[in-house]
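Asks: This one is upload_20.txt, compact mmCIF, C-alpha atoms.
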# COMPACT_ATOMS: atom_id res chain seq x y z
CA MET A 1 213.29 -229.66 -69.52
CA SER A 2 212.96 -231.50 -66.26
CA ILE A 3 214.47 -229.57 -63.38
CA THR A 4 213.77 -231.32 -60.10
CA ILE A 5 212.31 -229.47 -57.13
CA ASP A 6 215.57 -229.81 -55.22
CA LYS A 7 217.53 -228.21 -58.04
CA LEU A 8 214.86 -225.52 -58.27
CA LEU A 9 215.25 -224.77 -54.57
CA VAL A 10 218.98 -224.23 -55.06
CA TYR A 11 218.25 -221.59 -57.70
CA ILE A 12 215.55 -220.07 -55.51
CA ASP A 13 218.14 -219.68 -52.75
CA ARG A 14 220.53 -217.65 -54.91
CA PRO A 15 220.34 -213.93 -54.13
CA TRP A 16 221.69 -212.55 -57.43
CA TRP A 17 218.45 -212.69 -59.42
CA LYS A 18 216.51 -211.05 -56.59
CA ILE A 19 219.06 -208.23 -56.42
CA THR A 20 218.89 -207.91 -60.22
CA GLY A 21 215.10 -207.57 -60.06
CA VAL A 22 215.27 -204.87 -57.39
CA PHE A 23 218.00 -203.00 -59.26
CA LEU A 24 216.12 -203.08 -62.58
CA VAL A 25 212.84 -201.81 -61.11
CA PHE A 26 214.74 -199.23 -59.04
CA SER A 27 216.48 -197.90 -62.16
CA SER A 28 213.19 -197.84 -64.10
CA ILE A 29 211.69 -195.51 -61.47
CA PHE A 30 214.33 -192.90 -62.37
CA THR A 31 214.57 -193.50 -66.11
CA GLY A 32 210.81 -193.99 -66.44
CA LEU A 33 209.82 -190.80 -64.67
CA LEU A 34 212.62 -188.50 -65.82
CA MET A 35 213.73 -189.51 -69.32
CA PRO A 36 212.22 -187.65 -72.27
CA VAL A 37 209.17 -189.27 -73.91
CA PRO A 38 207.40 -188.59 -77.23
CA ALA A 39 204.88 -185.77 -76.91
CA LEU A 40 201.54 -187.20 -78.04
CA PRO A 41 198.04 -185.70 -77.91
CA ILE A 42 195.66 -187.05 -75.22
CA LEU A 43 198.41 -189.16 -73.66
CA HIS A 44 200.77 -186.36 -72.57
CA GLU A 45 202.85 -187.55 -69.60
CA THR A 46 200.65 -190.62 -69.02
CA ILE A 47 202.70 -192.36 -71.72
CA ARG A 48 205.06 -193.08 -68.81
CA ASN A 49 202.44 -195.51 -67.49
CA LEU A 50 203.89 -197.84 -70.09
CA TYR A 51 206.79 -198.48 -67.70
CA PHE A 52 204.52 -199.46 -64.83
CA HIS A 53 201.25 -200.79 -66.31
CA VAL A 54 202.65 -203.17 -68.96
CA PRO A 55 205.27 -204.76 -66.64
CA MET A 56 202.39 -205.90 -64.37
CA TRP A 57 201.16 -208.05 -67.27
CA MET A 58 204.68 -209.23 -68.01
CA ALA A 59 205.10 -210.27 -64.37
CA MET A 60 201.77 -212.08 -64.54
CA LEU A 61 202.85 -213.94 -67.69
CA ALA A 62 206.16 -214.92 -66.07
CA VAL A 63 204.55 -216.61 -63.06
CA PHE A 64 201.73 -218.16 -65.11
CA LYS A 65 204.37 -219.75 -67.34
CA ILE A 66 206.07 -221.23 -64.28
CA SER A 67 202.69 -222.52 -63.10
CA ILE A 68 202.38 -224.40 -66.41
CA TYR A 69 205.77 -225.95 -65.72
CA GLY A 70 204.59 -226.93 -62.23
CA SER A 71 201.43 -228.50 -63.61
CA LEU A 72 203.26 -230.46 -66.30
CA MET A 73 205.82 -231.73 -63.80
CA TYR A 74 203.07 -232.66 -61.37
CA LEU A 75 201.34 -234.78 -64.00
CA ARG A 76 204.65 -236.43 -64.89
CA THR A 77 205.96 -237.15 -61.41
CA GLY A 78 202.97 -236.99 -59.06
CA ASP A 79 205.12 -235.02 -56.62
CA GLN A 80 202.71 -232.84 -54.67
CA ARG A 81 205.27 -230.07 -54.29
CA TYR A 82 204.87 -229.25 -58.00
CA ASP A 83 201.15 -228.84 -57.44
CA LEU A 84 201.90 -226.36 -54.63
CA LEU A 85 204.34 -224.47 -56.88
CA SER A 86 201.67 -224.21 -59.55
CA LEU A 87 199.09 -223.03 -57.02
CA GLU A 88 201.28 -220.26 -55.62
CA CYS A 89 202.18 -219.14 -59.15
CA VAL A 90 198.51 -218.74 -60.03
CA LYS A 91 197.82 -216.81 -56.81
CA VAL A 92 200.66 -214.34 -57.39
CA GLY A 93 199.83 -214.17 -61.11
CA LEU A 94 196.25 -213.20 -60.27
CA PHE A 95 197.53 -210.53 -57.90
CA PHE A 96 199.54 -208.93 -60.71
CA TYR A 97 196.58 -209.46 -63.05
CA VAL A 98 194.46 -207.30 -60.75
CA LEU A 99 197.21 -204.68 -60.50
CA GLY A 100 197.38 -204.61 -64.32
CA LEU A 101 193.61 -204.27 -64.60
CA LEU A 102 193.38 -201.49 -62.00
CA SER A 103 196.31 -199.50 -63.40
CA GLY A 104 194.83 -199.94 -66.87
CA MET A 105 191.44 -198.68 -65.68
CA LEU A 106 192.97 -195.57 -64.14
CA TRP A 107 194.94 -194.90 -67.32
CA ALA A 108 191.79 -195.46 -69.40
CA LYS A 109 189.84 -192.91 -67.31
CA TYR A 110 192.21 -190.12 -68.37
CA THR A 111 192.80 -191.18 -71.96
CA TRP A 112 189.71 -193.07 -73.13
CA GLY A 113 187.32 -191.10 -70.92
CA ALA A 114 186.00 -193.85 -68.64
CA TYR A 115 187.35 -196.46 -66.26
CA TRP A 116 185.53 -199.15 -68.20
CA SER A 117 184.36 -198.64 -71.77
CA ASN A 118 183.68 -202.29 -72.69
CA ASP A 119 186.68 -202.28 -74.94
CA PRO A 120 187.52 -205.76 -76.31
CA LYS A 121 190.83 -205.69 -74.44
CA GLN A 122 189.13 -204.83 -71.15
CA ASN A 123 186.34 -207.37 -71.54
CA SER A 124 188.80 -210.08 -72.49
CA ALA A 125 190.95 -209.25 -69.50
CA ALA A 126 187.92 -209.51 -67.21
CA ILE A 127 187.01 -212.94 -68.64
CA GLY A 128 190.63 -214.04 -68.22
CA ALA A 129 190.56 -213.02 -64.57
CA LEU A 130 187.43 -215.11 -64.05
CA LEU A 131 189.10 -218.01 -65.86
CA TYR A 132 192.00 -218.07 -63.40
CA SER A 133 189.77 -217.38 -60.38
CA ALA A 134 187.88 -220.51 -61.40
CA TYR A 135 191.14 -222.45 -61.06
CA LEU A 136 191.32 -221.55 -57.37
CA VAL A 137 187.63 -222.31 -56.81
CA LEU A 138 187.92 -225.65 -58.63
CA ARG A 139 191.07 -226.62 -56.74
CA ASN A 140 189.61 -225.74 -53.36
CA SER A 141 186.43 -227.68 -54.04
CA ILE A 142 188.18 -231.06 -54.24
CA GLU A 143 189.09 -232.75 -50.97
CA GLU A 144 191.23 -235.65 -52.13
CA GLU A 145 194.81 -234.52 -52.73
CA GLN A 146 195.78 -236.51 -55.84
CA LYS A 147 192.47 -235.91 -57.58
CA ARG A 148 192.70 -232.21 -56.71
CA GLY A 149 196.25 -231.98 -58.03
CA ARG A 150 195.48 -233.74 -61.30
CA ILE A 151 192.31 -231.82 -62.13
CA ALA A 152 193.89 -228.50 -61.14
CA ALA A 153 196.96 -229.24 -63.27
CA ILE A 154 194.92 -230.14 -66.34
CA TYR A 155 192.67 -227.10 -65.91
CA ASN A 156 195.75 -224.87 -65.51
CA ILE A 157 197.39 -226.20 -68.66
CA PHE A 158 194.24 -225.43 -70.67
CA ALA A 159 193.63 -222.07 -68.99
CA PHE A 160 196.97 -220.63 -70.12
CA PRO A 161 196.45 -220.75 -73.92
CA ILE A 162 192.86 -219.55 -73.48
CA MET A 163 194.14 -216.58 -71.46
CA ILE A 164 196.75 -215.85 -74.18
CA VAL A 165 194.04 -215.89 -76.85
CA LEU A 166 191.76 -213.67 -74.75
CA LEU A 167 194.41 -211.06 -73.95
CA PHE A 168 196.69 -211.03 -76.96
CA VAL A 169 194.85 -212.51 -79.95
CA LEU A 170 191.13 -211.68 -79.89
CA PRO A 171 191.53 -207.92 -79.13
CA ARG A 172 193.88 -207.67 -82.11
CA MET A 173 191.23 -208.97 -84.46
CA THR A 174 188.64 -206.26 -83.76
CA ASP A 175 188.62 -202.52 -83.19
CA SER A 176 190.13 -201.63 -79.85
CA LEU A 177 191.21 -198.45 -78.13
CA HIS A 178 194.16 -200.26 -76.61
CA PRO A 179 197.53 -199.54 -78.30
CA GLY A 180 198.82 -202.42 -80.38
CA ASN A 181 195.34 -203.76 -81.07
CA GLY A 182 192.99 -203.70 -84.06
CA GLY A 183 194.95 -201.31 -86.30
CA ASN A 184 195.79 -199.10 -83.33
CA PRO A 185 199.59 -198.75 -83.33
CA ALA A 186 201.67 -199.53 -80.25
CA PHE A 187 203.88 -196.88 -78.70
CA GLY A 188 207.02 -198.31 -80.28
CA LYS A 189 205.97 -196.60 -83.51
CA TYR A 190 206.16 -193.10 -81.97
CA ASP A 191 209.33 -193.81 -80.05
CA LEU A 192 211.52 -192.69 -82.93
CA ASP A 193 214.91 -192.78 -81.18
CA ASN A 194 213.95 -195.91 -79.20
CA GLY A 195 214.65 -193.95 -76.02
CA MET A 196 211.68 -195.47 -74.18
CA LYS A 197 213.16 -198.93 -74.44
CA LEU A 198 215.84 -197.91 -71.94
CA ALA A 199 213.24 -197.76 -69.19
CA PHE A 200 210.70 -200.21 -70.63
CA TYR A 201 212.79 -203.39 -70.96
CA PRO A 202 214.44 -203.17 -67.51
CA ALA A 203 210.99 -202.57 -65.98
CA MET A 204 209.55 -205.62 -67.79
CA LEU A 205 212.33 -207.93 -66.61
CA GLY A 206 212.62 -206.36 -63.16
CA TRP A 207 208.93 -206.67 -62.28
CA SER A 208 208.88 -210.24 -63.63
CA LEU A 209 211.77 -211.17 -61.33
CA ILE A 210 210.03 -209.56 -58.36
CA ALA A 211 206.82 -211.47 -59.10
CA VAL A 212 208.81 -214.71 -59.28
CA TRP A 213 210.53 -213.79 -56.02
CA ILE A 214 207.21 -213.25 -54.20
CA THR A 215 206.03 -216.56 -55.64
CA THR A 216 209.10 -218.40 -54.32
CA ILE A 217 208.53 -216.95 -50.85
CA ARG A 218 204.93 -218.16 -50.84
CA PHE A 219 206.02 -221.51 -52.27
CA ARG A 220 208.63 -222.01 -49.52
CA ILE A 221 206.04 -221.27 -46.85
CA GLN A 222 203.81 -223.92 -48.44
CA LEU A 223 206.73 -226.37 -48.50
CA ILE A 224 207.37 -225.94 -44.78
CA ASP A 225 203.69 -226.59 -44.16
CA TYR A 226 203.79 -229.61 -46.48
CA LEU A 227 206.85 -231.11 -44.78
CA LYS A 228 205.29 -230.62 -41.35
CA ASN A 229 202.14 -232.46 -42.41
CA SER A 230 203.96 -235.29 -44.18
CA ILE A 231 206.13 -236.05 -41.13
CA ASN A 232 203.14 -236.41 -38.80
CA MET B 1 248.30 -153.96 -36.00
CA LYS B 2 245.22 -154.80 -33.97
CA LYS B 3 243.33 -151.87 -35.42
CA ILE B 4 244.28 -152.82 -38.95
CA SER B 5 243.21 -156.41 -38.51
CA ILE B 6 239.86 -155.35 -37.01
CA ALA B 7 239.33 -152.95 -39.88
CA LEU B 8 240.18 -155.73 -42.33
CA LEU B 9 237.79 -158.11 -40.57
CA PHE B 10 234.92 -155.63 -40.77
CA THR B 11 235.70 -154.93 -44.41
CA LEU B 12 235.53 -158.62 -45.18
CA LEU B 13 232.36 -159.00 -43.17
CA SER B 14 230.72 -156.24 -45.15
CA ALA B 15 231.64 -157.99 -48.41
CA ASN B 16 229.04 -160.48 -47.36
CA LEU B 17 226.34 -157.86 -47.30
CA PHE B 18 227.03 -156.81 -50.85
CA ALA B 19 226.59 -160.37 -52.05
CA GLN B 20 223.22 -160.69 -50.37
CA PRO B 21 220.92 -159.23 -53.05
CA GLY B 22 222.62 -161.22 -55.83
CA ALA B 23 221.19 -164.35 -57.37
CA GLY B 24 222.39 -167.87 -56.59
CA ILE B 25 221.85 -167.94 -52.84
CA GLU B 26 219.50 -170.91 -53.28
CA MET B 27 222.09 -173.64 -53.45
CA ALA B 28 220.15 -176.91 -53.28
CA ASP B 29 218.27 -176.14 -56.45
CA PHE B 30 218.44 -179.57 -58.12
CA MET B 31 215.65 -181.01 -55.99
CA ARG B 32 213.62 -177.83 -56.49
CA SER B 33 213.84 -177.74 -60.29
CA SER B 34 211.20 -178.97 -62.78
CA GLY B 35 208.33 -178.39 -60.37
CA LYS B 36 210.11 -180.47 -57.69
CA ILE B 37 209.43 -183.68 -59.65
CA TYR B 38 212.72 -185.11 -58.37
CA VAL B 39 211.26 -185.13 -54.87
CA VAL B 40 208.44 -187.36 -56.11
CA VAL B 41 210.89 -189.64 -57.89
CA CYS B 42 212.96 -190.00 -54.72
CA THR B 43 209.87 -190.65 -52.62
CA ILE B 44 208.83 -193.50 -54.91
CA ALA B 45 212.40 -194.80 -54.94
CA ILE B 46 212.59 -194.81 -51.13
CA THR B 47 209.21 -196.54 -50.88
CA PHE B 48 210.29 -199.20 -53.34
CA LEU B 49 213.63 -199.76 -51.60
CA GLY B 50 211.78 -200.14 -48.30
CA LEU B 51 209.53 -202.81 -49.82
CA ALA B 52 212.55 -204.56 -51.33
CA TYR B 53 214.28 -204.59 -47.94
CA TYR B 54 211.11 -206.02 -46.42
CA LEU B 55 211.09 -208.82 -49.00
CA PHE B 56 214.75 -209.59 -48.28
CA SER B 57 214.09 -209.79 -44.56
CA ILE B 58 211.12 -212.15 -45.10
CA ASP B 59 213.45 -214.23 -47.27
CA ARG B 60 216.01 -214.41 -44.44
CA LYS B 61 213.41 -215.38 -41.84
CA LEU B 62 212.12 -218.12 -44.13
CA LYS B 63 215.62 -219.50 -44.56
CA ARG B 64 215.92 -219.78 -40.80
CA LEU B 65 212.60 -221.63 -40.60
CA GLU B 66 213.65 -223.97 -43.42
CA LYS B 67 216.86 -224.86 -41.57
CA GLU B 68 214.82 -225.80 -38.50
CA HIS B 69 212.63 -228.14 -40.54
CA HIS B 70 215.34 -229.96 -42.48
Since I need it in another form, could you write the structure as structure tokens?
Replies:
Amino acid sequence: MSITIDKLLVYIDRPWWKITGVFLVFSSIFTGLLMPVPALPILHETIRNLYFHVPMWMAMLAVFKISIYGSLMYLRTGDQRYDLLSLECVKVGLFFYVLGLLSGMLWAKYTWGAYWSNDPKQNSAAIGALLYSAYLVLRNSIEEEQKRGRIAAIYNIFAFPIMIVLLFVLPRMTDSLHPGNGGNPAFGKYDLDNGMKLAFYPAMLGWSLIAVWITTIRFRIQLIDYLKNSIN
Amino acid sequence: MKKISIALLFTLLSANLFAQPGAGIEMADFMRSSGKIYVVVCTIAITFLGLAYYLFSIDRKLKRLEKEHH
């Protein structure tokens, strides 16, 4: 469970997973836009948004999970670099959160009829975005480093399960327009020959890897800054 | 001999003219098929590759900075 920062940096340095991420997303552009999809009323060709909208949420989940790891390790070791890792994860996660929300709103306009129809999934997603924005506000409001790190880490560890409940549990328990929620079937049901999976799974993994990659770049910038300050 | 070869040349040249009204002159038709959707796909692909290259170059620059600080 415990991978040290130095070991983590060795993995971060390896190029193969970055190349894999680029290759997977690159391939999903071709397969996602050109491969045959089930013909469904209302959706028509917008069903292809599945390959680009859902991976934003997958990428967000990937970096939020790493931020949990950073928070746990910070509480265990007190090493400030874990706190910085966690912080950058949340920032990049929120970026993909917003991309997921915006792409979802555009898709909703042409399938549900409005950008925002107060659907349980949409409202939950908005509350979740506020939840994670509060993490940044809370963290920035504390001057003292150790106190800031500890409070931010504990908040982050609690924010994650609440976000999961908001996005993936509560909308399933009521009526929702969103596929896969409240008796509304997900697309997998219509994908009879499972052809969509060929573009969907690579896109999910590829975008996750790219989100992690962006996070590591931001994290390394923070580390340089941190080292500079700790030497002086 | 010269006359024959010129006559042959002109005959061959005129063969061209007969082919003109036929179908299949448009040769690069792959990118023009299906409402030119392939052009859009390639545009997105190029944009994405450009962004990926940009990320790689940032990565390289960072590595240089890290070496200076260690």
Asks: Check which residues of chain A sit at most 8 Å from chain B using all atoms listed in the file, and return one row each with the closest pair of atoms and their distance in Å to one decimal, ordered by chain and rising number, as a Markdown table.
Replies:
| residue | atom | partner | partner_atom | distance |
| --- | --- | --- | --- | --- |
| A:Val22 | CA | B:Ala52 | CA | 6.6 |
| A:Phe26 | CA | B:Ala45 | CA | 6.5 |
| A:Ile29 | CA | B:Ala45 | CA | 6.6 |
| A:Phe30 | CA | B:Val41 | CA | 6.5 |
| A:Leu33 | CA | B:Val41 | CA | 7.0 |
| A:Ile214 | CA | B:Leu55 | CA | 7.9 |
| A:Ile217 | CA | B:Asp59 | CA | 6.7 |
| A:Arg220 | CA | B:Leu62 | CA | 7.5 |
| A:Ile221 | CA | B:Leu62 | CA | 7.4 |
| A:Ile224 | CA | B:Glu66 | CA | 6.7 |
| A:Leu227 | CA | B:His69 | CA | 7.8 |
| A:Lys228 | CA | B:His69 | CA | 7.8 |
Asks: Tell me, as an MDAnalysis selection string, which residues lie within 12 Å of Leu192 of chain A, counting only C-alpha atoms; anything in the same chain fewer than 3 positions away does not count.
Replies: chainID A and resid 36:39 187:189 195:197
Asks: Please indicate the distance in Å from atom CA of Ser176 of chain A to atom CA of Tyr51 of chain A, rounded to one decimal place.
Replies: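 Between these atoms lies a distance of 20.9 Å.
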Asks: Which is closer to Val63 of chain A than all the others in A:Tyr110, A:Phe95, A:Tyr226, A:Phe168, using only C-alpha atoms?
Replies: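 Closest candidate: A:Phe95.
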Asks: I'd like the interatomic distance between atom CA of Pro171 of chain A and atom CA of Ile68 of chain A, to a tenth of an Å.
Replies: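 Those two atoms sit 23.5 Å apart.
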Asks: At what distance in Å, to one decimal, does atom CA of Leu209 of chain A lie from atom CA of Trp17 of chain A?
Replies: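 These atoms are spaced 7.1 Å apart.
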Asks: At a cut-off of 9 Å from (204.1, -209.0, -60.9) in the coordinates of the file, what residues are picked up using only C-alpha atoms, written as a list in words?
Replies: Pro55, Met56, Trp57, Met58, Ala59, Met60, Leu61, Ala62, Val63, Val92, Gly93, Leu94, Phe95, Phe96, Tyr97, Leu99, Gly100, Trp207, Ser208, Leu209, Ile210, Ala211, Val212 and Ile214 of chain A
Asks: Deliver the residues from the most recent selection as a file, using C-alpha atoms, as a PDB file, in the frame of the given file.
Replies:
ATOM      1  CA  PRO A  55     205.270-204.760 -66.640  1.00  0.00           C
ATOM      2  CA  MET A  56     202.390-205.900 -64.370  1.00  0.00           C
ATOM      3  CA  TRP A  57     201.160-208.050 -67.270  1.00  0.00           C
ATOM      4  CA  MET A  58     204.680-209.230 -68.010  1.00  0.00           C
ATOM      5  CA  ALA A  59     205.100-210.270 -64.370  1.00  0.00           C
ATOM      6  CA  MET A  60     201.770-212.080 -64.540  1.00  0.00           C
ATOM      7  CA  LEU A  61     202.850-213.940 -67.690  1.00  0.00           C
ATOM      8  CA  ALA A  62     206.160-214.920 -66.070  1.00  0.00           C
ATOM      9  CA  VAL A  63     204.550-216.610 -63.060  1.00  0.00           C
ATOM     10  CA  VAL A  92     200.660-214.340 -57.390  1.00  0.00           C
ATOM     11  CA  GLY A  93     199.830-214.170 -61.110  1.00  0.00           C
ATOM     12  CA  LEU A  94     196.250-213.200 -60.270  1.00  0.00           C
ATOM     13  CA  PHE A  95     197.530-210.530 -57.900  1.00  0.00           C
ATOM     14  CA  PHE A  96     199.540-208.930 -60.710  1.00  0.00           C
ATOM     15  CA  TYR A  97     196.580-209.460 -63.050  1.00  0.00           C
ATOM     16  CA  LEU A  99     197.210-204.680 -60.500  1.00  0.00           C
ATOM     17  CA  GLY A 100     197.380-204.610 -64.320  1.00  0.00           C
ATOM     18  CA  TRP A 207     208.930-206.670 -62.280  1.00  0.00           C
ATOM     19  CA  SER A 208     208.880-210.240 -63.630  1.00  0.00           C
ATOM     20  CA  LEU A 209     211.770-211.170 -61.330  1.00  0.00           C
ATOM     21  CA  ILE A 210     210.030-209.560 -58.360  1.00  0.00           C
ATOM     22  CA  ALA A 211     206.820-211.470 -59.100  1.00  0.00           C
ATOM     23  CA  VAL A 212     208.810-214.710 -59.280  1.00  0.00           C
ATOM     24  CA  ILE A 214     207.210-213.250 -54.200  1.00  0.00           C
TER      25      ILE A 214
END
